[in-house]
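Novice: I have a structure here, written as structure tokens, and I will follow up with some questions on it.
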Amino acid sequence: MTALEGKVVIVTGAARGQGAAEARLLVAAGARVVCTDVREEEGRAVAAELGDAGRFVRHDVTSAEDWRAVAGEAVQSFGRIDALVNNAALWRTTPVESETYETFELLLRVNLLGPFLGIQAVVPALREAGGGSIVNVSSTAGLVGIPGHAAYGSSKFGLRGLTRSSALDLARHGIRVNSVHPGAVDTPMVAAVADKDWSHVPLGRMGRAEEVGGLIAFLVSDASSYVTGAEFTVDGGLTAG
């Protein structure tokens, strides 16, 4: 397991599913984690499960004020920030001709504006720590077009661009920025499609949240110290063809 002793990580969307799995894996590897989410009861339960290594902050990722509070809690509780995992996201699907202005804007705000605000909020602490890692959780919908994903795909393609540009801007500070692109992962967010036939995926199944979390732990760790501006798929081979 990737060693993360002494590192302090913020994970957004950590109340359930992929974010909760990431928080657990990071703590198991030695990190201390600030879990954030709008789902307060579930988020507090995950943080309590992590013991002294976990904290919870109720957090709307579209709010710059909330982001300042999250960064402040991390520094106050654990003394520093070493990494940010921009995991929080919303997923909605509809054909482009039926999409609404309200949904398109909402997905852009949560899935793209949120990570942008997060990067700005943590950079001062990462610079003070001598560098660090930012991991943006995008999607295979940020790599290829998918029917019904005009709003979601636009937000995730945008996150891919934000990742690459930020990696170049922040490299001089020793801050690495990478993106992870999961395919279908068995979490509550996509529960409605969990029973589909996944034979079109080369590995023949949905992914598990822990499989994404393991890659994120690597990108947070010093084992990936020469990796920045990169994109990593976790999709069972779906986009390999």
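Here, A, B, ... name the chains of the structure tokens in the order displayed, residue numbers run from 1 inside each chain, and ligands are numbered from 1 in the same displayed order.
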Taking 3 positions as the minimum chain separation for residues in the same chain, which residues sit within 9 Å of Arg24 (chain A) when counting only C-alpha atoms? Answer as a PDB file with N, CA and C atoms, in the first residue's frame.
Specialist:
ATOM      1  N   GLY A  19     -16.086   8.777  -2.841  1.00  0.00           N
ATOM      2  CA  GLY A  19     -15.371   9.662  -1.926  1.00  0.00           C
ATOM      3  C   GLY A  19     -15.119   9.027  -0.580  1.00  0.00           C
ATOM      4  N   ALA A  20     -16.103   8.314  -0.051  1.00  0.00           N
ATOM      5  CA  ALA A  20     -15.930   7.633   1.235  1.00  0.00           C
ATOM      6  C   ALA A  20     -14.862   6.552   1.125  1.00  0.00           C
ATOM      7  N   ALA A  21     -14.875   5.811   0.020  1.00  0.00           N
ATOM      8  CA  ALA A  21     -13.863   4.774  -0.183  1.00  0.00           C
ATOM      9  C   ALA A  21     -12.471   5.381  -0.272  1.00  0.00           C
ATOM     10  N   VAL A  27      -6.646   7.079   4.732  1.00  0.00           N
ATOM     11  CA  VAL A  27      -6.353   6.933   6.162  1.00  0.00           C
ATOM     12  C   VAL A  27      -5.646   5.613   6.432  1.00  0.00           C
ATOM     13  N   ALA A  28      -6.078   4.556   5.760  1.00  0.00           N
ATOM     14  CA  ALA A  28      -5.417   3.254   5.937  1.00  0.00           C
ATOM     15  C   ALA A  28      -3.946   3.317   5.531  1.00  0.00           C
ATOM     16  N   ALA A  29      -3.615   4.213   4.590  1.00  0.00           N
ATOM     17  CA  ALA A  29      -2.230   4.369   4.142  1.00  0.00           C
ATOM     18  C   ALA A  29      -1.442   5.345   5.006  1.00  0.00           C
ATOM     19  N   VAL A  33      -7.423  12.946   7.012  1.00  0.00           N
ATOM     20  CA  VAL A  33      -8.323  13.358   5.940  1.00  0.00           C
ATOM     21  C   VAL A  33      -9.427  14.267   6.466  1.00  0.00           C
ATOM     22  N   VAL A  46     -18.825   8.967   8.268  1.00  0.00           N
ATOM     23  CA  VAL A  46     -17.574   8.526   7.656  1.00  0.00           C
ATOM     24  C   VAL A  46     -16.381   9.060   8.444  1.00  0.00           C
ATOM     25  N   GLU A  49     -15.862   7.234  11.640  1.00  0.00           N
ATOM     26  CA  GLU A  49     -15.275   5.919  11.363  1.00  0.00           C
ATOM     27  C   GLU A  49     -13.754   6.005  11.241  1.00  0.00           C
ATOM     28  N   LEU A  50     -13.260   7.141  10.791  1.00  0.00           N
ATOM     29  CA  LEU A  50     -11.822   7.327  10.595  1.00  0.00           C
ATOM     30  C   LEU A  50     -11.089   7.672  11.889  1.00  0.00           C
ATOM     31  N   GLY A 213      -9.934   4.547  -5.745  1.00  0.00           N
ATOM     32  CA  GLY A 213      -9.244   5.069  -4.570  1.00  0.00           C
ATOM     33  C   GLY A 213      -7.777   4.680  -4.518  1.00  0.00           C
TER      34      GLY A 213
END
Novice: Would you return as a list in words the members of region 45-214 of chain A that DSSP assigns to strand (DSSP E or B) on this structure's backbone?
Specialist: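 Across region 45-214 of chain A, those assigned strand (DSSP E or B) are Gly54, Arg55, Phe56, Val57, Arg58, Ala83, Leu84, Val85, Asn86, Thr94, Gly132, Ser133, Ile134, Val135, Asn136, Val137, His149, Ile175, Arg176, Val177, Asn178, Ser179, Val180, His181, Pro182, Val185 and Gly207 of chain A.
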Novice: With N, CA, C and O atoms kept, could you save the residues just selected as a JSON list (two decimals), in the first residue's frame?
Specialist:
[["chain", "number", "residue", "atom", "x", "y", "z"],
["A", 54, "GLY", "N", -9.70, 11.62, 11.02],
["A", 54, "GLY", "CA", -10.74, 12.18, 10.17],
["A", 54, "GLY", "C", -11.42, 13.39, 10.77],
["A", 54, "GLY", "O", -11.56, 13.51, 11.99],
["A", 55, "ARG", "N", -11.82, 14.29, 9.92],
["A", 55, "ARG", "CA", -12.65, 15.43, 10.28],
["A", 55, "ARG", "C", -13.72, 15.59, 9.21],
["A", 55, "ARG", "O", -13.51, 15.20, 8.07],
["A", 56, "PHE", "N", -14.85, 16.19, 9.58],
["A", 56, "PHE", "CA", -15.89, 16.47, 8.59],
["A", 56, "PHE", "C", -16.24, 17.94, 8.59],
["A", 56, "PHE", "O", -16.34, 18.57, 9.64],
["A", 57, "VAL", "N", -16.43, 18.50, 7.39],
["A", 57, "VAL", "CA", -16.90, 19.86, 7.22],
["A", 57, "VAL", "C", -18.04, 19.85, 6.21],
["A", 57, "VAL", "O", -17.88, 19.31, 5.10],
["A", 58, "ARG", "N", -19.18, 20.41, 6.58],
["A", 58, "ARG", "CA", -20.27, 20.55, 5.60],
["A", 58, "ARG", "C", -19.82, 21.57, 4.57],
["A", 58, "ARG", "O", -19.36, 22.65, 4.91],
["A", 83, "ALA", "N", -2.60, 17.66, 0.11],
["A", 83, "ALA", "CA", -3.27, 17.21, -1.11],
["A", 83, "ALA", "C", -4.76, 17.54, -1.06],
["A", 83, "ALA", "O", -5.36, 17.65, 0.01],
["A", 84, "LEU", "N", -5.31, 17.69, -2.25],
["A", 84, "LEU", "CA", -6.75, 17.90, -2.44],
["A", 84, "LEU", "C", -7.24, 16.90, -3.46],
["A", 84, "LEU", "O", -6.64, 16.75, -4.54],
["A", 85, "VAL", "N", -8.33, 16.21, -3.13],
["A", 85, "VAL", "CA", -9.00, 15.32, -4.09],
["A", 85, "VAL", "C", -10.36, 15.93, -4.41],
["A", 85, "VAL", "O", -11.27, 15.92, -3.57],
["A", 86, "ASN", "N", -10.48, 16.50, -5.60],
["A", 86, "ASN", "CA", -11.74, 17.08, -6.05],
["A", 86, "ASN", "C", -12.63, 15.97, -6.59],
["A", 86, "ASN", "O", -12.66, 15.68, -7.79],
["A", 94, "THR", "N", -29.38, 13.55, -20.20],
["A", 94, "THR", "CA", -30.53, 13.81, -21.06],
["A", 94, "THR", "C", -29.99, 14.22, -22.42],
["A", 94, "THR", "O", -28.88, 14.77, -22.52],
["A", 132, "GLY", "N", 2.79, 19.74, -3.21],
["A", 132, "GLY", "CA", 1.69, 18.84, -2.90],
["A", 132, "GLY", "C", 1.05, 18.29, -4.15],
["A", 132, "GLY", "O", 1.60, 18.41, -5.25],
["A", 133, "SER", "N", -0.13, 17.70, -3.97],
["A", 133, "SER", "CA", -0.80, 17.02, -5.06],
["A", 133, "SER", "C", -2.27, 17.41, -5.10],
["A", 133, "SER", "O", -2.94, 17.43, -4.06],
["A", 134, "ILE", "N", -2.77, 17.68, -6.29],
["A", 134, "ILE", "CA", -4.20, 17.90, -6.51],
["A", 134, "ILE", "C", -4.67, 16.85, -7.51],
["A", 134, "ILE", "O", -4.07, 16.69, -8.58],
["A", 135, "VAL", "N", -5.72, 16.13, -7.14],
["A", 135, "VAL", "CA", -6.28, 15.10, -8.02],
["A", 135, "VAL", "C", -7.71, 15.49, -8.35],
["A", 135, "VAL", "O", -8.56, 15.62, -7.46],
["A", 136, "ASN", "N", -7.98, 15.70, -9.63],
["A", 136, "ASN", "CA", -9.32, 16.03, -10.09],
["A", 136, "ASN", "C", -9.99, 14.78, -10.65],
["A", 136, "ASN", "O", -9.46, 14.17, -11.59],
["A", 137, "VAL", "N", -11.11, 14.41, -10.08],
["A", 137, "VAL", "CA", -11.81, 13.21, -10.54],
["A", 137, "VAL", "C", -12.75, 13.62, -11.68],
["A", 137, "VAL", "O", -13.79, 14.22, -11.46],
["A", 149, "HIS", "N", -24.99, 13.06, -22.57],
["A", 149, "HIS", "CA", -24.05, 13.62, -21.60],
["A", 149, "HIS", "C", -23.56, 15.01, -22.00],
["A", 149, "HIS", "O", -22.43, 15.39, -21.68],
["A", 175, "ILE", "N", 3.72, 21.80, -6.95],
["A", 175, "ILE", "CA", 2.35, 21.30, -6.82],
["A", 175, "ILE", "C", 1.98, 20.56, -8.09],
["A", 175, "ILE", "O", 2.02, 21.12, -9.19],
["A", 176, "ARG", "N", 1.64, 19.29, -7.94],
["A", 176, "ARG", "CA", 1.29, 18.45, -9.07],
["A", 176, "ARG", "C", -0.23, 18.38, -9.21],
["A", 176, "ARG", "O", -0.95, 18.34, -8.22],
["A", 177, "VAL", "N", -0.73, 18.36, -10.46],
["A", 177, "VAL", "CA", -2.17, 18.31, -10.71],
["A", 177, "VAL", "C", -2.43, 17.26, -11.78],
["A", 177, "VAL", "O", -1.90, 17.35, -12.90],
["A", 178, "ASN", "N", -3.22, 16.27, -11.44],
["A", 178, "ASN", "CA", -3.54, 15.18, -12.36],
["A", 178, "ASN", "C", -5.03, 14.89, -12.35],
["A", 178, "ASN", "O", -5.74, 15.26, -11.41],
["A", 179, "SER", "N", -5.50, 14.24, -13.40],
["A", 179, "SER", "CA", -6.92, 13.88, -13.45],
["A", 179, "SER", "C", -7.09, 12.37, -13.55],
["A", 179, "SER", "O", -6.28, 11.67, -14.18],
["A", 180, "VAL", "N", -8.16, 11.89, -12.93],
["A", 180, "VAL", "CA", -8.54, 10.48, -12.96],
["A", 180, "VAL", "C", -9.88, 10.38, -13.66],
["A", 180, "VAL", "O", -10.80, 11.16, -13.39],
["A", 181, "HIS", "N", -9.99, 9.41, -14.55],
["A", 181, "HIS", "CA", -11.18, 9.29, -15.40],
["A", 181, "HIS", "C", -11.83, 7.92, -15.24],
["A", 181, "HIS", "O", -11.58, 7.01, -16.02],
["A", 182, "PRO", "N", -12.69, 7.77, -14.22],
["A", 182, "PRO", "CA", -13.37, 6.50, -14.03],
["A", 182, "PRO", "C", -14.43, 6.26, -15.09],
["A", 182, "PRO", "O", -15.05, 7.21, -15.61],
["A", 185, "VAL", "N", -18.63, 3.16, -12.15],
["A", 185, "VAL", "CA", -18.18, 2.63, -10.87],
["A", 185, "VAL", "C", -19.41, 2.41, -10.00],
["A", 185, "VAL", "O", -20.30, 3.26, -9.93],
["A", 207, "GLY", "N", -16.68, -0.94, -12.27],
["A", 207, "GLY", "CA", -15.56, -0.81, -11.36],
["A", 207, "GLY", "C", -16.01, -0.73, -9.91],
["A", 207, "GLY", "O", -17.20, -0.53, -9.62]]
Novice: Give me, as a count of residues only, the residues of chain A that a backbone DSSP run labels helix (DSSP H, G or I).
Specialist: 119
Novice: Return the single residue from A:Asp82, A:Glu42, A:Glu102, A:Asp60 that is closest to Ile10 (chain A), with distances computed using only C-alpha atoms.
Specialist: A:Asp82
Novice: When you draw a straight line from CA of Gly148 (chain A) to CA of Phe104 (chain A), how long is it in Å?
Specialist: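 Going from CA of Gly148 (chain A) over to CA of Phe104 (chain A), I get 12.0 Å.
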Novice: Pick the closest to Glu128 (chain A) from A:Val75, A:Thr187, A:Trp198, A:Gly229: which is it, counting only C-alpha atoms?
Specialist: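 Counting only C-alpha atoms, the residue closest to Glu128 (chain A) is A:Val75.
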Novice: Go through A:Glu22, A:Ala64, A:Phe78, A:Ala88 and flag the residue nearest Asp37 (chain A), using only C-alpha atoms for the distances.
Specialist: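 So, comparing all the options, the nearest one is A:Ala88.
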Novice: Given only C-alpha atoms as the basis, pick out the residue of A:Leu108, A:Ile119, A:Val61, A:Ala240 nearest to Thr163 (chain A).
Specialist: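 Going through A:Leu108, A:Ile119, A:Val61, A:Ala240 one by one, the smallest distance to Thr163 (chain A) is for A:Ile119.
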Novice: May I have the residues within 9 Å of Ala3 (chain A) as a list in words, using only C-alpha atoms and disregarding those fewer than 5 positions away in the same chain?
Specialist: Leu26, Ala29, Gly30, Ala31, Ala217, Phe218, Ser221, Asp222 and Ala223 of chain A
Novice: Mind dumping the selected residues with N, CA and C atoms as a short mmCIF file (atom, residue, chain, number, x, y, z; two decimals), in the first residue's frame?
Specialist:
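Below is the file out.cif, written as the result:
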data_model
loop_
_atom_site.label_atom_id
_atom_site.label_comp_id
_atom_site.auth_asym_id
_atom_site.auth_seq_id
_atom_site.Cartn_x
_atom_site.Cartn_y
_atom_site.Cartn_z
N LEU A 26 -7.09 6.35 2.05
CA LEU A 26 -6.04 7.31 2.39
C LEU A 26 -5.65 7.21 3.87
N ALA A 29 -3.62 4.21 4.59
CA ALA A 29 -2.23 4.37 4.14
C ALA A 29 -1.44 5.35 5.01
N GLY A 30 -2.10 5.94 6.02
CA GLY A 30 -1.38 6.78 6.97
C GLY A 30 -1.74 8.25 6.94
N ALA A 31 -2.62 8.66 6.03
CA ALA A 31 -2.97 10.08 5.92
C ALA A 31 -4.01 10.48 6.96
N ALA A 217 -4.71 7.29 -4.20
CA ALA A 217 -3.69 7.22 -3.15
C ALA A 217 -2.29 7.29 -3.75
N PHE A 218 -2.07 6.63 -4.87
CA PHE A 218 -0.77 6.71 -5.55
C PHE A 218 -0.46 8.13 -5.99
N SER A 221 0.55 10.31 -3.17
CA SER A 221 1.80 9.91 -2.52
C SER A 221 3.03 10.43 -3.24
N ASP A 222 4.16 10.33 -2.57
CA ASP A 222 5.44 10.73 -3.15
C ASP A 222 5.91 9.76 -4.23
N ALA A 223 5.26 8.60 -4.33
CA ALA A 223 5.61 7.64 -5.38
C ALA A 223 5.32 8.21 -6.77
#
Novice: Can you measure CA of Phe116 (chain A) to CA of Leu162 (chain A) for me? One decimal in Å is fine.
Specialist: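 Spanning CA of Phe116 (chain A) to CA of Leu162 (chain A) is a straight-line distance of 7.4 Å.
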Novice: Between CA of Val220 (chain A) and CA of Ser63 (chain A), what distance in Å does the model show, to one decimal?
Specialist: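 These two atoms are separated by 24.4 Å.
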